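See below for the structure under consideration.
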Amino acid sequence: MRAKGFTFDQWTSKMFENAAHNETYWATRLDLPLKFILKKPVMASSEWVT
């Protein structure tokens, strides 16, 4: 992903040991992608309005 120009604030990867790949286990960690997707973007100092 970095080679494609993405930064760590634009994507993330997580591994969950011993977790099955099904809806039951997805539901236990649904908050993680939702928080990532819905977070407020951080503005660079060059974007600040003065």
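All residue names refer to the structure tokens as shown: chains lettered A, B, ... in order, residues numbered from 1 in each chain, ligands numbered from 1 in order.
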
TODO: Would you list, as an MDAnalysis selection string, the residues of chain A that end up in alpha helix (DSSP H) under DSSP run on this structure's backbone?
DONE: chainID A and resid 23:28 31:38

- [ ] Give me, please, the distance in Å between CA of Ile37 in chain A and CA of Ala3 in chain A, quoted to one decimal.
- [x]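 Separating CA of Ile37 in chain A from CA of Ala3 in chain A is a distance of 21.5 Å.
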
Open item on the list: Just the number, please: distance in Å from CA of Pro33 in chain A to CA of Met15 in chain A, one decimal.
Closed with: 12.9 Å

- [ ] Quick one: pull the distance between CA of Phe36 in chain A and CA of Trp11 in chain A, Å, one decimal.
- [x]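 Value for the CA of Phe36 in chain A-CA of Trp11 in chain A distance: 8.4 Å.
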